[in-house]
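S.K.: Next up is a structure, given as structure tokens.
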Amino acid sequence: MNVNLNTSAANMIFSAQNKSAEAAQQIATSTVNSDETGASTANNDVRPGELSKPVTQLSEAELETSAAVKILETDQENQQALLDIHV
């Protein structure tokens with residue numbers, strides 16, 4: 001079974017990027033409650049807990065990106081170890 005770790009890591013980074021972009025868009029288009037900013041807002045204030053999902057998605061995206069970087073680092077270390085054995 002031939003697994004290309006670079007492709008797997010790139011897919012993880014791409015997925016994390018999409019997840020974070022979607023979450024950021026949800027946060028950016030939301031309005032905050034007037035008691036959070038001290039200013040009055042329209043009648044479409046965000047209900048409590050409504051932003052928890054996009055904020056959680058941002059954290060998930062960060063973890064996915066970190067995992068992808070670890071995969072790339074491990075793959076690079078393994079390739080270097082193979083070169084060291086053959087030299």
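Labels for the structure tokens follow display order: chains A, B, ..., residues from 1 in each chain, ligands from 1.
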If we count only C-alpha atoms, what is near Thr65 (chain A) at a cut-off of 7 Å, once residues fewer than 4 positions away on the same chain are taken out, given as a list in words?
M.R.: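 My reading of the contact set: Met12, Ile13, Ala16, Ala61 and Val69 of chain A.
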S.K.: Find the spatial neighbours of Gln25 (chain A), counting only C-alpha atoms, within a cut-off of 12 Å - ignore same-chain residues fewer than 3 positions away - and output them as an MDAnalysis selection string.
M.R.: chainID A and resid 18:22 28:31 51 54:55 57:58
S.K.: Write out, as a compact mmCIF listing (two decimals), in the first residue's frame, the residues just selected, with N, CA and C atoms.
M.R.:
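So result.txt came out as:
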```
# COMPACT_ATOMS: atom_id res chain seq x y z
N ASN A 18 -10.85 25.41 4.38
CA ASN A 18 -12.27 25.56 4.05
C ASN A 18 -13.12 25.70 5.31
N LYS A 19 -12.81 24.89 6.31
CA LYS A 19 -13.56 24.93 7.56
C LYS A 19 -13.40 26.28 8.24
N SER A 20 -12.18 26.79 8.27
CA SER A 20 -11.95 28.08 8.93
C SER A 20 -12.58 29.23 8.15
N ALA A 21 -12.56 29.15 6.83
CA ALA A 21 -13.18 30.20 6.02
C ALA A 21 -14.69 30.24 6.24
N GLU A 22 -15.29 29.07 6.30
CA GLU A 22 -16.74 28.98 6.54
C GLU A 22 -17.09 29.53 7.92
N ALA A 28 -18.39 36.62 10.91
CA ALA A 28 -18.38 37.97 10.36
C ALA A 28 -19.77 38.47 10.01
N THR A 29 -20.65 37.58 9.61
CA THR A 29 -22.00 38.01 9.22
C THR A 29 -22.98 38.01 10.38
N SER A 30 -22.52 37.61 11.55
CA SER A 30 -23.38 37.63 12.72
C SER A 30 -23.33 39.00 13.38
N THR A 31 -24.40 39.33 14.06
CA THR A 31 -24.38 40.54 14.88
C THR A 31 -24.26 40.11 16.33
N LEU A 51 -22.74 31.42 18.29
CA LEU A 51 -21.38 31.52 17.76
C LEU A 51 -20.48 30.39 18.23
N PRO A 54 -19.25 28.03 15.11
CA PRO A 54 -18.16 28.51 14.26
C PRO A 54 -16.84 28.66 15.02
N VAL A 55 -16.90 29.04 16.28
CA VAL A 55 -15.66 29.16 17.06
C VAL A 55 -15.05 27.77 17.26
N GLN A 57 -15.42 25.30 15.18
CA GLN A 57 -14.88 24.94 13.87
C GLN A 57 -13.50 25.55 13.65
N LEU A 58 -13.30 26.78 14.12
CA LEU A 58 -11.99 27.40 14.00
C LEU A 58 -10.94 26.63 14.80
```
S.K.: As a VMD selection string, please: the residues near Ala67 (chain A) (cut-off 12 Å, only C-alpha atoms, same-chain neighbours under 4 positions excluded).
M.R.: chain A and resid 5 8 to 13 16 60 to 63 71 to 74
